[in-house]
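K.L.:
Structure supplied as upload.cif; contents: mmCIF, C-alpha atoms.
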data_start
loop_
_atom_site.label_atom_id
_atom_site.label_comp_id
_atom_site.auth_asym_id
_atom_site.auth_seq_id
_atom_site.Cartn_x
_atom_site.Cartn_y
_atom_site.Cartn_z
CA MET Z 1 0.00 0.00 0.00
CA LEU Z 2 1.14 3.53 -0.74
CA SER Z 3 1.30 6.01 2.12
CA GLU Z 4 -0.33 9.44 1.86
CA ARG Z 5 3.12 10.89 1.48
CA GLU Z 6 3.91 8.53 -1.40
CA ARG Z 7 0.62 9.31 -3.11
CA GLU Z 8 1.55 12.97 -3.01
CA ARG Z 9 5.15 12.40 -4.02
CA TYR Z 10 4.28 10.31 -7.07
CA LYS Z 11 1.07 12.17 -7.93
CA ARG Z 12 2.13 13.11 -11.45
CA GLN Z 13 3.16 9.62 -12.43
CA ILE Z 14 0.18 8.00 -10.72
CA LEU Z 15 -1.73 10.01 -13.34
CA LEU Z 16 0.13 7.88 -15.88
CA PHE Z 17 0.42 4.46 -14.27
CA GLY Z 18 -2.31 4.49 -11.62
CA GLU Z 19 -1.74 3.47 -8.00
CA ASN Z 20 -1.31 -0.13 -9.09
CA GLY Z 21 1.60 0.83 -11.31
CA GLN Z 22 3.17 2.82 -8.50
CA GLU Z 23 2.77 -0.07 -6.09
CA GLN Z 24 4.38 -2.32 -8.68
CA LEU Z 25 7.41 -0.01 -8.73
CA LYS Z 26 7.48 0.03 -4.94
CA LYS Z 27 7.53 -3.78 -4.78
CA SER Z 28 10.35 -4.03 -7.31
CA HIS Z 29 14.06 -4.52 -6.90
CA ILE Z 30 16.56 -3.44 -9.54
CA PHE Z 31 20.25 -4.27 -9.57
CA ILE Z 32 22.48 -1.58 -11.08
CA ALA Z 33 25.96 -2.74 -12.05
CA GLY Z 34 28.12 0.37 -11.73
CA ALA Z 35 27.80 3.81 -10.14
CA GLY Z 36 29.55 5.71 -12.93
CA GLY Z 37 28.41 7.53 -16.06
CA LEU Z 38 25.43 5.29 -16.84
CA GLY Z 39 24.79 4.11 -13.28
CA SER Z 40 24.38 7.65 -11.96
CA PRO Z 41 21.40 8.76 -14.07
CA ILE Z 42 19.83 5.30 -13.98
CA ALA Z 43 20.00 5.18 -10.17
CA ILE Z 44 18.78 8.74 -9.68
CA TYR Z 45 15.77 8.38 -11.97
CA LEU Z 46 14.78 4.95 -10.67
CA ALA Z 47 15.07 6.32 -7.12
CA VAL Z 48 12.87 9.34 -7.77
CA ALA Z 49 10.37 7.17 -9.68
CA GLY Z 50 9.96 5.10 -6.51
CA VAL Z 51 11.53 1.75 -7.41
CA GLY Z 52 11.30 0.23 -3.93
CA THR Z 53 14.70 -1.42 -3.70
CA ILE Z 54 17.82 -0.47 -5.61
CA THR Z 55 21.07 -2.38 -5.27
CA ILE Z 56 24.02 -0.56 -6.78
CA VAL Z 57 27.49 -2.09 -6.96
CA ASP Z 58 30.82 -0.42 -7.64
CA MET Z 59 34.37 -0.98 -6.45
CA ASP Z 60 35.85 2.37 -7.33
CA THR Z 61 36.57 5.63 -5.54
CA VAL Z 62 35.49 9.01 -6.85
CA ASP Z 63 38.14 10.73 -8.95
CA GLN Z 64 38.09 14.30 -10.22
CA SER Z 65 38.09 13.04 -13.81
CA ASN Z 66 34.76 11.26 -13.14
CA LEU Z 67 32.87 14.46 -12.45
CA ASN Z 68 32.09 15.47 -16.05
CA ARG Z 69 29.55 12.65 -16.25
CA GLN Z 70 29.08 10.70 -13.02
CA ILE Z 71 26.41 12.93 -11.58
CA LEU Z 72 25.91 10.96 -8.36
CA HIS Z 73 29.27 12.32 -7.26
CA THR Z 74 30.50 15.87 -6.63
CA ASP Z 75 33.72 17.64 -5.72
CA ARG Z 76 33.28 16.95 -2.02
CA ASP Z 77 33.15 13.20 -2.75
CA ILE Z 78 36.61 12.95 -4.32
CA GLY Z 79 38.46 10.12 -2.63
CA LYS Z 80 35.29 8.57 -1.18
CA LYS Z 81 34.05 5.17 -2.23
CA LYS Z 82 31.48 5.59 -5.00
CA THR Z 83 29.06 3.43 -3.04
CA VAL Z 84 29.26 5.82 -0.04
CA SER Z 85 28.71 8.82 -2.26
CA ALA Z 86 25.89 7.06 -4.14
CA ILE Z 87 23.94 6.03 -1.08
CA GLU Z 88 24.12 9.55 0.36
CA LYS Z 89 22.76 11.13 -2.80
CA LEU Z 90 20.11 8.52 -3.45
CA HIS Z 91 18.81 8.88 0.12
CA GLU Z 92 18.59 12.62 -0.43
CA TYR Z 93 16.64 12.05 -3.62
CA ASN Z 94 14.25 9.60 -2.02
CA ALA Z 95 14.32 8.52 1.61
CA ASP Z 96 11.26 6.29 1.13
CA ILE Z 97 13.07 3.57 -0.79
CA THR Z 98 15.66 0.98 0.20
CA ILE Z 99 19.13 1.41 -1.24
CA ASN Z 100 21.84 -1.21 -0.98
CA ALA Z 101 25.18 0.16 -2.10
CA ILE Z 102 27.76 -2.60 -2.23
CA ASP Z 103 31.47 -1.94 -2.53
CA ALA Z 104 32.59 -4.96 -4.53
CA THR Z 105 34.26 -6.03 -7.73
CA ILE Z 106 31.73 -8.01 -9.74
CA SER Z 107 33.10 -11.46 -10.58
CA ALA Z 108 31.89 -14.87 -11.66
CA ASP Z 109 32.14 -15.95 -8.00
CA ASN Z 110 29.94 -13.28 -6.45
CA ILE Z 111 27.57 -12.12 -9.15
CA ARG Z 112 24.71 -14.52 -8.41
CA ASP Z 113 24.68 -13.50 -4.75
CA LEU Z 114 25.04 -9.81 -5.54
CA VAL Z 115 22.06 -9.85 -7.90
CA GLY Z 116 20.12 -11.97 -5.41
CA ARG Z 117 16.39 -11.85 -6.10
CA ALA Z 118 16.40 -8.62 -8.09
CA ASP Z 119 13.72 -8.27 -10.78
CA GLY Z 120 16.16 -6.99 -13.38
CA ILE Z 121 19.74 -5.91 -14.04
CA ALA Z 122 20.70 -2.49 -15.38
CA ASP Z 123 24.01 -2.69 -17.24
CA ALA Z 124 26.03 0.38 -16.31
CA MET Z 125 29.42 -1.25 -16.80
CA ASP Z 126 32.30 0.03 -18.90
CA ASN Z 127 33.64 -3.28 -20.18
CA TYR Z 128 32.41 -6.39 -21.95
CA PRO Z 129 33.88 -9.13 -19.71
CA ILE Z 130 31.66 -8.00 -16.81
CA ARG Z 131 28.76 -7.35 -19.19
CA TYR Z 132 29.01 -10.97 -20.32
CA LEU Z 133 28.76 -12.05 -16.66
CA LEU Z 134 25.68 -9.87 -16.19
CA ASN Z 135 24.22 -11.40 -19.35
CA ARG Z 136 24.79 -14.98 -18.20
CA THR Z 137 23.38 -14.21 -14.76
CA ALA Z 138 20.28 -12.58 -16.23
CA PHE Z 139 19.83 -15.65 -18.43
CA GLU Z 140 20.22 -18.09 -15.52
CA LYS Z 141 17.86 -16.12 -13.28
CA LYS Z 142 15.42 -15.46 -16.14
CA ILE Z 143 15.37 -11.74 -15.47
CA PRO Z 144 15.86 -8.90 -17.98
CA LEU Z 145 19.16 -7.20 -18.70
CA PHE Z 146 18.79 -3.55 -19.62
CA HIS Z 147 21.90 -3.00 -21.72
CA GLY Z 148 23.48 0.37 -22.41
CA ALA Z 149 26.93 1.52 -23.54
CA ILE Z 150 28.47 4.76 -24.68
CA ARG Z 151 31.54 6.27 -26.31
CA GLY Z 152 32.04 9.92 -27.14
CA LEU Z 153 28.71 11.19 -28.44
CA TYR Z 154 27.57 7.70 -29.47
CA GLY Z 155 25.52 5.23 -27.51
CA GLN Z 156 23.50 2.05 -27.78
CA ALA Z 157 20.82 0.34 -25.71
CA THR Z 158 18.61 -2.72 -25.85
CA THR Z 159 16.42 -4.73 -23.51
CA ILE Z 160 17.33 -8.39 -23.24
CA LEU Z 161 14.63 -10.81 -22.11
CA PRO Z 162 16.05 -14.32 -21.61
CA GLY Z 163 14.59 -16.82 -24.04
CA GLU Z 164 12.66 -14.15 -25.91
CA THR Z 165 15.27 -11.80 -27.37
CA PRO Z 166 18.88 -12.14 -28.45
CA CYS Z 167 21.20 -12.07 -25.47
CA LEU Z 168 24.26 -9.84 -25.28
CA GLU Z 169 26.53 -12.58 -26.65
CA CYS Z 170 24.19 -13.12 -29.62
CA ILE Z 171 24.54 -9.42 -30.46
CA PHE Z 172 28.17 -8.88 -29.55
CA PRO Z 173 29.99 -12.22 -29.47
CA LYS Z 174 33.44 -10.63 -29.17
CA ALA Z 175 34.49 -7.80 -26.90
CA PRO Z 176 36.17 -4.76 -28.41
CA PRO Z 177 39.64 -3.93 -27.07
CA LYS Z 178 39.87 -2.01 -23.81
CA GLU Z 179 40.51 1.71 -24.08
CA VAL Z 180 40.22 4.95 -22.14
CA PHE Z 181 37.10 6.07 -23.93
CA PRO Z 182 36.31 9.72 -24.59
CA VAL Z 183 32.92 10.84 -23.27
CA VAL Z 184 30.85 13.91 -22.56
CA GLY Z 185 28.30 13.54 -19.74
CA VAL Z 186 25.22 14.06 -21.87
CA THR Z 187 25.81 10.77 -23.70
CA PRO Z 188 25.49 8.48 -20.65
CA GLY Z 189 22.69 10.81 -19.57
CA ILE Z 190 20.74 10.04 -22.74
CA ILE Z 191 21.48 6.32 -22.82
CA GLY Z 192 20.96 5.94 -19.05
CA MET Z 193 17.54 7.55 -19.49
CA VAL Z 194 16.64 5.09 -22.23
CA GLN Z 195 17.62 2.25 -19.89
CA ALA Z 196 15.72 3.69 -16.89
CA ASN Z 197 12.69 4.23 -19.13
CA GLU Z 198 12.86 0.58 -20.16
CA VAL Z 199 13.12 -0.55 -16.53
CA ILE Z 200 10.04 1.42 -15.53
CA LYS Z 201 7.95 0.15 -18.45
CA TYR Z 202 9.02 -3.41 -17.77
CA LEU Z 203 8.12 -3.16 -14.09
CA ILE Z 204 4.67 -1.70 -14.67
CA HIS Z 205 3.93 -3.80 -17.79
CA GLU Z 206 3.26 -0.79 -20.01
CA GLY Z 207 4.39 0.21 -23.48
CA THR Z 208 6.67 -1.54 -25.94
CA LEU Z 209 10.13 -2.56 -24.84
CA LEU Z 210 13.35 -2.31 -26.87
CA LYS Z 211 13.12 -6.02 -27.63
CA ASN Z 212 15.00 -7.39 -30.65
CA ARG Z 213 16.06 -3.85 -31.46
CA LEU Z 214 19.38 -2.14 -30.86
CA PHE Z 215 18.75 1.54 -30.21
CA ILE Z 216 21.63 3.60 -31.58
CA TRP Z 217 22.21 7.21 -30.64
CA ASP Z 218 24.42 9.55 -32.66
CA GLY Z 219 24.75 12.70 -30.59
CA MET Z 220 26.95 14.37 -33.19
CA GLU Z 221 24.10 14.28 -35.70
CA SER Z 222 21.30 14.27 -33.10
CA ARG Z 223 19.93 11.15 -34.71
CA ALA Z 224 18.47 8.05 -33.13
CA GLU Z 225 17.90 4.90 -35.12
CA GLU Z 226 17.63 1.20 -34.54
CA LEU Z 227 18.94 -2.02 -35.97
CA CYS Z 228 17.01 -5.28 -35.88
CA ILE Z 229 18.86 -7.91 -33.89
CA GLU Z 230 18.30 -11.65 -33.89
CA ARG Z 231 19.08 -14.60 -31.68
CA ASN Z 232 22.06 -16.68 -32.65
CA PRO Z 233 21.08 -20.38 -32.59
CA ALA Z 234 24.73 -21.24 -31.84
CA CYS Z 235 25.07 -18.67 -29.03
CA PRO Z 236 27.05 -20.24 -26.15
CA VAL Z 237 24.69 -18.64 -23.62
CA CYS Z 238 21.17 -18.88 -25.00
CA GLY Z 239 21.47 -20.73 -28.31
CA THR Z 240 19.19 -23.62 -29.10
CA LYS Z 241 21.98 -25.31 -31.05
CA ARG Z 242 24.83 -24.51 -28.74
CA THR Z 243 27.45 -27.17 -28.39
CA THR Z 244 28.19 -28.43 -24.91
CA PRO Z 245 31.91 -28.44 -24.20
CA GLN Z 246 33.16 -32.02 -24.06
CA LYS Z 247 35.10 -33.13 -21.03
CA ARG Z 248 38.55 -34.33 -21.82
CA GLY Z 249 39.45 -37.65 -20.45
CA MET O 1 24.66 -1.28 -59.27
CA THR O 2 24.26 1.00 -56.29
CA VAL O 3 25.01 -0.02 -52.73
CA LYS O 4 24.82 1.91 -49.46
CA ILE O 5 27.30 1.36 -46.67
CA ARG O 6 26.52 2.72 -43.23
CA PHE O 7 29.17 3.11 -40.56
CA PHE O 8 28.38 3.58 -36.89
CA ALA O 9 30.05 5.03 -33.78
CA ARG O 10 33.88 5.11 -33.98
CA PHE O 11 33.80 3.88 -37.59
CA ARG O 12 31.49 6.76 -38.46
CA GLU O 13 33.95 9.27 -36.99
CA LEU O 14 36.67 7.92 -39.24
CA LEU O 15 34.79 7.06 -42.43
CA GLY O 16 31.60 9.13 -42.45
CA ALA O 17 28.04 8.04 -41.81
CA ASP O 18 26.64 6.80 -45.12
CA VAL O 19 28.51 6.03 -48.32
CA ILE O 20 26.62 5.40 -51.53
CA THR O 21 28.79 3.64 -54.05
CA GLU O 22 28.64 1.87 -57.39
CA PRO O 23 30.96 -1.10 -57.00
CA LYS O 24 31.92 -3.47 -59.77
CA ALA O 25 29.68 -6.49 -60.26
CA GLY O 26 30.61 -9.59 -58.32
CA ILE O 27 32.45 -7.80 -55.51
CA SER O 28 32.34 -9.56 -52.15
CA LEU O 29 31.07 -7.95 -48.99
CA SER O 30 34.54 -7.83 -47.46
CA GLY O 31 35.99 -6.52 -50.73
CA LEU O 32 33.48 -3.69 -50.76
CA VAL O 33 34.08 -2.68 -47.13
CA LYS O 34 37.84 -2.80 -47.75
CA GLU O 35 37.51 -0.61 -50.80
CA ILE O 36 35.51 2.04 -48.95
CA ALA O 37 37.47 1.86 -45.68
CA GLY O 38 40.74 1.99 -47.61
CA LYS O 39 40.16 5.68 -48.25
CA ASN O 40 41.17 6.41 -44.66
CA LYS O 41 44.03 4.44 -43.10
CA GLU O 42 42.86 4.92 -39.54
CA GLY O 43 39.36 3.85 -40.53
CA TYR O 44 40.70 0.80 -42.35
CA ASP O 45 42.89 -0.17 -39.39
CA ALA O 46 39.93 0.17 -37.02
CA ILE O 47 37.97 -2.42 -39.03
CA PHE O 48 40.68 -4.73 -40.43
CA ASP O 49 43.74 -6.31 -38.86
CA GLU O 50 47.23 -6.45 -40.35
CA HIS O 51 46.28 -9.53 -42.42
CA GLY O 52 43.31 -7.75 -43.96
CA SER O 53 40.78 -9.78 -41.95
CA PHE O 54 37.89 -8.17 -40.14
CA ARG O 55 38.72 -7.50 -36.51
CA GLU O 56 36.86 -10.10 -34.47
CA PHE O 57 34.49 -7.65 -32.75
CA VAL O 58 33.21 -5.99 -35.96
CA ILE O 59 29.49 -6.44 -36.59
CA LEU O 60 28.33 -6.67 -40.21
CA MET O 61 24.76 -6.53 -41.39
CA ARG O 62 23.36 -6.78 -44.87
CA ASN O 63 19.80 -5.57 -45.39
CA GLY O 64 19.14 -5.90 -41.66
CA LYS O 65 20.50 -9.46 -41.41
CA ARG O 66 23.68 -10.36 -39.64
CA VAL O 67 26.56 -11.64 -41.79
CA ASP O 68 29.27 -13.66 -40.07
CA ILE O 69 32.55 -11.81 -40.66
CA ALA O 70 34.19 -15.15 -41.47
CA GLU O 71 31.81 -15.51 -44.41
CA ALA O 72 31.95 -11.93 -45.69
CA ALA O 73 34.55 -12.81 -48.33
CA THR O 74 32.16 -15.31 -49.93
CA VAL O 75 29.04 -13.13 -49.86
CA THR O 76 28.48 -11.26 -53.12
CA VAL O 77 27.04 -7.77 -52.95
CA ALA O 78 23.83 -7.16 -54.92
CA ASP O 79 22.25 -4.01 -56.33
CA GLY O 80 20.31 -2.06 -53.68
CA ASP O 81 22.06 -3.71 -50.72
CA GLU O 82 22.40 -1.74 -47.52
CA ILE O 83 25.44 -2.76 -45.52
CA ALA O 84 25.92 -1.73 -41.87
CA VAL O 85 29.33 -1.91 -40.22
CA PHE O 86 29.64 -1.20 -36.53
CA PRO O 87 31.74 -1.80 -33.46
CA PRO O 88 30.26 -2.65 -30.06
CA VAL O 89 30.31 0.53 -28.00
CA ALA O 90 31.87 -0.32 -24.64
CA GLY O 91 31.99 2.64 -22.27
CA GLY O 92 29.72 3.32 -19.35
#
Show this structure as structure tokens.
P.N.:
Amino acid sequence: MLSERERERYKRQILLFGENGQEQLKKSHIFIAGAGGLGSPIAIYLAVAGVGTITIVDMDTVDQSNLNRQILHTDRDIGKKKTVSAIEKLHEYNADITINAIDATISADNIRDLVGRADGIADAMDNYPIRYLLNRTAFEKKIPLFHGAIRGLYGQATTILPGETPCLECIFPKAPPKEVFPVVGVTPGIIGMVQANEVIKYLIHEGTLLKNRLFIWDGMESRAEELCIERNPACPVCGTKRTTPQKRG
Amino acid sequence: MTVKIRFFARFRELLGADVITEPKAGISLSGLVKEIAGKNKEGYDAIFDEHGSFREFVILMRNGKRVDIAEAATVTVADGDEIAVFPPVAGG
């Protein structure tokens, strides 16, 4: 049940989703992998929308060079753990929700426990090896992965529903090389908003999700477009014709 | 014949967004991308390795359908084709 205070707080979106939709958000738990450029806007907007439980994981400390885009963190947070900075800000944005900020490096050993019983995973990572772990975990737990990535003024996003859409390894079977990527804060702002928008629609069962479509943003041209994406029958994660590795012996 | 090649993200920075070209009949998909990308060394090097093979992360699509980069040398380009070439964007 929503409190009087919550009814007032979410009045404008209850006009859109109804009280049932708002209660659905309140009951939900979203896992955000990363409290950086994408994680910041995703976490802030899911918090103010009233997603009842947000778990956000990061292992980093706030550096001055983060501040052009990682809007959860400010000058006074330099040197603090990003999780400490994140939880402070998110509580200020919305004290009525539960926030778990976990200082950890996501790995194959801990990811299942970190994600726990979350209803979905928001991908706010900056590298493919961890994204592939998120993808496999989402597939195993049968929960959506809201993918987003950025570089410079370019970005991409898609919503991955296990068994229904291509998974991340169907779309991008090989990781690009690591690099210190250029970025201006508006790009993760835009892509993070697309991801948060997808999360909200998924949780309240409204609208059409970015399923089987890769949303592509070109900020230099101010142009958004999409590419159709398909499942790969031989995908090692979700393929119907995947080959099981044979044990040697 | 007329073919459109569309580059995305980093490839677009180096090679431009859309290239409309009239390649010779019978050209393969990889031959066509090489021909266009060859106009800018940095662009070519972003897409192809030192042996002239597609870098393993490059995504190729022809008329909205994925083409395996290992097969691009055996796929013949047809009139009206739209080819998309893009890298996975990785930052967050």
K.L.:
Considering all atoms listed in the file, return as a list in words whatever protein or nucleic-acid residues lie within 7 Å of Ile102 in chain Z, sequence-local ones (same chain, fewer than 3 positions apart) excluded.
P.N.:
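Once the adjacent positions are removed, what remains is Ile56, Val57, Asp58 and Thr83 of chain Z.
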K.L.:
Taking the file above as input, evaluate the PyMOL selection byres ((chain O and resi 12-26) around 10) and report the hits as a compact mmCIF listing (two decimals) with C-alpha atoms, in the frame of the given file.
P.N.:
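The result, stored in part.txt:
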# COMPACT_ATOMS: atom_id res chain seq x y z
CA TYR Z 154 27.57 7.70 -29.47
CA ASP Z 218 24.42 9.55 -32.66
CA MET Z 220 26.95 14.37 -33.19
CA GLU Z 221 24.10 14.28 -35.70
CA MET O 1 24.66 -1.28 -59.27
CA THR O 2 24.26 1.00 -56.29
CA VAL O 3 25.01 -0.02 -52.73
CA LYS O 4 24.82 1.91 -49.46
CA ILE O 5 27.30 1.36 -46.67
CA ARG O 6 26.52 2.72 -43.23
CA PHE O 7 29.17 3.11 -40.56
CA PHE O 8 28.38 3.58 -36.89
CA ALA O 9 30.05 5.03 -33.78
CA ARG O 10 33.88 5.11 -33.98
CA PHE O 11 33.80 3.88 -37.59
CA ILE O 27 32.45 -7.80 -55.51
CA SER O 28 32.34 -9.56 -52.15
CA LEU O 29 31.07 -7.95 -48.99
CA GLY O 31 35.99 -6.52 -50.73
CA LEU O 32 33.48 -3.69 -50.76
CA GLU O 35 37.51 -0.61 -50.80
CA ILE O 36 35.51 2.04 -48.95
CA ALA O 37 37.47 1.86 -45.68
CA GLY O 38 40.74 1.99 -47.61
CA LYS O 39 40.16 5.68 -48.25
CA ASN O 40 41.17 6.41 -44.66
CA LYS O 41 44.03 4.44 -43.10
CA GLU O 42 42.86 4.92 -39.54
CA GLY O 43 39.36 3.85 -40.53
CA TYR O 44 40.70 0.80 -42.35
CA ALA O 46 39.93 0.17 -37.02
CA VAL O 75 29.04 -13.13 -49.86
CA THR O 76 28.48 -11.26 -53.12
CA VAL O 77 27.04 -7.77 -52.95
CA ALA O 78 23.83 -7.16 -54.92
CA ASP O 79 22.25 -4.01 -56.33
CA GLY O 80 20.31 -2.06 -53.68
CA GLU O 82 22.40 -1.74 -47.52
CA ILE O 83 25.44 -2.76 -45.52
CA ALA O 84 25.92 -1.73 -41.87
CA VAL O 85 29.33 -1.91 -40.22
CA PHE O 86 29.64 -1.20 -36.53
CA PRO O 87 31.74 -1.80 -33.46
K.L.:
If I take CA of Ile143 in chain Z and CA of His91 in chain Z, how far is one from the other in Å, to one decimal?
P.N.:
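For CA of Ile143 in chain Z relative to CA of His91 in chain Z, the distance reads 26.1 Å.
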K.L.:
For Val84 in chain Z, which of Z:Asp109, Z:Asp103, Z:Asp96, Z:Glu230 is the closest residue, counting all atoms listed in the file?
P.N.:
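Of Z:Asp109, Z:Asp103, Z:Asp96, Z:Glu230, the one nearest Val84 in chain Z, counting all atoms listed in the file, is Z:Asp103.
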K.L.:
Excluding Asn100 in chain Z and any residue of its chain fewer than 5 positions from it, enumerate the residues within 12 Å of it, using only C-alpha atoms, and give them as a ChimeraX atom specification.
P.N.:
/Z:29-33,43,47,52-58,83-84,86-88,90-91,114-116,118
K.L.:
Choose the residue, out of Z:Phe172, Z:Tyr10, Z:Phe139, Z:Phe17, that has the smallest atom-to-atom separation from Glu56 in chain O; count all atoms listed in the file.
P.N.:
Z:Phe172
K.L.:
What is the CA of Pro162 in chain Z-CA of Arg136 in chain Z distance in Å, reported with one decimal?
P.N.:
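Taking CA of Pro162 in chain Z and CA of Arg136 in chain Z, their separation equals 9.4 Å.
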K.L.:
Please compute the CA of Asn20 in chain Z-CA of Val51 in chain Z distance, one decimal, in Å.
P.N.:
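Distance reported for this atom pair: 13.1 Å.
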K.L.:
Would you write out, as a PyMOL selection string, every residue that the PyMOL selection byres ((chain Z) within 9 of (chain O)) captures in this file?
P.N.:
chain Z and resi 34+36-39+123-128+148-156+171-183+188+216-218+227-230
K.L.:
What do you get, as number ranges by chain, if you spell out every residue that the PyMOL selection byres ((chain Z and resi 68-80) around 6) selects here?
P.N.:
Z: 36-37, 40, 61-63, 66-67, 81, 86, 185
K.L.:
Could you check the closest approach to Arg242 in chain Z for each of Z:Met1, Z:Cys170, Z:Ala95, Z:Ala101 and tell me which residue wins, using only C-alpha atoms?
P.N.:
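Smallest distance to Arg242 in chain Z is found for Z:Cys170.
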K.L.:
Counting only C-alpha atoms, what is within 9 Å of Ala108 in chain Z, bar same-chain residues fewer than 4 positions away, as a PyMOL selection string?
P.N.:
chain Z and resi 112+130+133
K.L.:
Scan for residues within 10 Å of the point (7.6, 10.2, -16.0) in the coordinates of the file, using all atoms listed in the file, and reply as an MDAnalysis selection string.
P.N.:
chainID Z and resid 10 12:17 45 48:49 197 200
K.L.:
Write to file, as a PDB file, in the frame of the given file, the residues of the selection just made, with C-alpha atoms.
P.N.:
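The result, written out as part-v4.pdb:
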ATOM      1  CA  TYR Z  10       4.280  10.310  -7.070  1.00  0.00           C
ATOM      2  CA  ARG Z  12       2.130  13.110 -11.450  1.00  0.00           C
ATOM      3  CA  GLN Z  13       3.160   9.620 -12.430  1.00  0.00           C
ATOM      4  CA  ILE Z  14       0.180   8.000 -10.720  1.00  0.00           C
ATOM      5  CA  LEU Z  15      -1.730  10.010 -13.340  1.00  0.00           C
ATOM      6  CA  LEU Z  16       0.130   7.880 -15.880  1.00  0.00           C
ATOM      7  CA  PHE Z  17       0.420   4.460 -14.270  1.00  0.00           C
ATOM      8  CA  TYR Z  45      15.770   8.380 -11.970  1.00  0.00           C
ATOM      9  CA  VAL Z  48      12.870   9.340  -7.770  1.00  0.00           C
ATOM     10  CA  ALA Z  49      10.370   7.170  -9.680  1.00  0.00           C
ATOM     11  CA  ASN Z 197      12.690   4.230 -19.130  1.00  0.00           C
ATOM     12  CA  ILE Z 200      10.040   1.420 -15.530  1.00  0.00           C
TER      13      ILE Z 200
END
K.L.:
Can you work out which one of O:Phe48, O:Ser30, O:Ser53, O:Leu60 has the shortest atom-to-atom distance to Thr74 in chain O, counting only C-alpha atoms?
P.N.:
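Among the listed residues, O:Ser30 lies closest to Thr74 in chain O.
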K.L.:
Padding 6 Å on each side, edges along x, y and z: where is the centre of the box around the listed atoms of range 200-218 of chain Z, and how long are its edges in Å to one decimal? Output it as lines of an AutoDock Vina configuration file.
P.N.:
center_x = 13.8
center_y = 1.1
center_z = -23.4
size_x = 33.2
size_y = 28.9
size_z = 30.6
K.L.:
Find, counting all atoms listed in the file, the residue in Z:Ile160, Z:Ser65, Z:Gly50, Z:Gly219 that gets nearest to Ile190 in chain Z.
P.N.:
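Selected residue with least distance to Ile190 in chain Z: Z:Gly219.
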K.L.:
With N, CA and C atoms as the goal, would you fill in the gaps in range 54-68 of chain O and present it as a PDB file, in the coordinates of the input?
P.N.:
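Output below, filename selection03.pdb:
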ATOM      1  N   PHE O  54      38.690  -8.984 -41.053  1.00  0.00           N
ATOM      2  CA  PHE O  54      37.890  -8.170 -40.140  1.00  0.00           C
ATOM      3  C   PHE O  54      38.367  -8.386 -38.711  1.00  0.00           C
ATOM      4  N   ARG O  55      38.443  -7.325 -37.936  1.00  0.00           N
ATOM      5  CA  ARG O  55      38.720  -7.500 -36.510  1.00  0.00           C
ATOM      6  C   ARG O  55      37.555  -8.267 -35.906  1.00  0.00           C
ATOM      7  N   GLU O  56      37.855  -9.103 -34.898  1.00  0.00           N
ATOM      8  CA  GLU O  56      36.860 -10.100 -34.470  1.00  0.00           C
ATOM      9  C   GLU O  56      35.590  -9.489 -33.876  1.00  0.00           C
ATOM     10  N   PHE O  57      35.663  -8.238 -33.397  1.00  0.00           N
ATOM     11  CA  PHE O  57      34.490  -7.650 -32.750  1.00  0.00           C
ATOM     12  C   PHE O  57      33.574  -6.906 -33.725  1.00  0.00           C
ATOM     13  N   VAL O  58      33.999  -6.777 -34.997  1.00  0.00           N
ATOM     14  CA  VAL O  58      33.210  -5.990 -35.960  1.00  0.00           C
ATOM     15  C   VAL O  58      31.884  -6.694 -36.265  1.00  0.00           C
ATOM     16  N   ILE O  59      30.816  -5.915 -36.265  1.00  0.00           N
ATOM     17  CA  ILE O  59      29.490  -6.440 -36.590  1.00  0.00           C
ATOM     18  C   ILE O  59      29.125  -5.990 -37.999  1.00  0.00           C
ATOM     19  N   LEU O  60      28.708  -6.953 -38.815  1.00  0.00           N
ATOM     20  CA  LEU O  60      28.330  -6.670 -40.210  1.00  0.00           C
ATOM     21  C   LEU O  60      26.877  -7.056 -40.415  1.00  0.00           C
ATOM     22  N   MET O  61      26.140  -6.180 -41.050  1.00  0.00           N
ATOM     23  CA  MET O  61      24.760  -6.530 -41.390  1.00  0.00           C
ATOM     24  C   MET O  61      24.514  -6.181 -42.853  1.00  0.00           C
ATOM     25  N   ARG O  62      23.724  -7.026 -43.489  1.00  0.00           N
ATOM     26  CA  ARG O  62      23.360  -6.780 -44.870  1.00  0.00           C
ATOM     27  C   ARG O  62      21.842  -6.818 -44.945  1.00  0.00           C
ATOM     28  N   ASN O  63      21.267  -5.698 -45.322  1.00  0.00           N
ATOM     29  CA  ASN O  63      19.800  -5.570 -45.390  1.00  0.00           C
ATOM     30  C   ASN O  63      19.143  -6.041 -44.085  1.00  0.00           C
ATOM     31  N   GLY O  64      19.730  -5.610 -42.967  1.00  0.00           N
ATOM     32  CA  GLY O  64      19.140  -5.900 -41.660  1.00  0.00           C
ATOM     33  C   GLY O  64      19.431  -7.294 -41.132  1.00  0.00           C
ATOM     34  N   LYS O  65      20.175  -8.100 -41.868  1.00  0.00           N
ATOM     35  CA  LYS O  65      20.500  -9.460 -41.410  1.00  0.00           C
ATOM     36  C   LYS O  65      21.992  -9.558 -41.130  1.00  0.00           C
ATOM     37  N   ARG O  66      22.307 -10.182 -40.044  1.00  0.00           N
ATOM     38  CA  ARG O  66      23.680 -10.360 -39.640  1.00  0.00           C
ATOM     39  C   ARG O  66      24.446 -11.215 -40.648  1.00  0.00           C
ATOM     40  N   VAL O  67      25.673 -10.806 -40.971  1.00  0.00           N
ATOM     41  CA  VAL O  67      26.560 -11.640 -41.790  1.00  0.00           C
ATOM     42  C   VAL O  67      27.780 -11.970 -40.928  1.00  0.00           C
ATOM     43  N   ASP O  68      28.095 -13.241 -40.820  1.00  0.00           N
ATOM     44  CA  ASP O  68      29.270 -13.660 -40.070  1.00  0.00           C
ATOM     45  C   ASP O  68      30.513 -13.096 -40.767  1.00  0.00           C
TER      46      ASP O  68
END
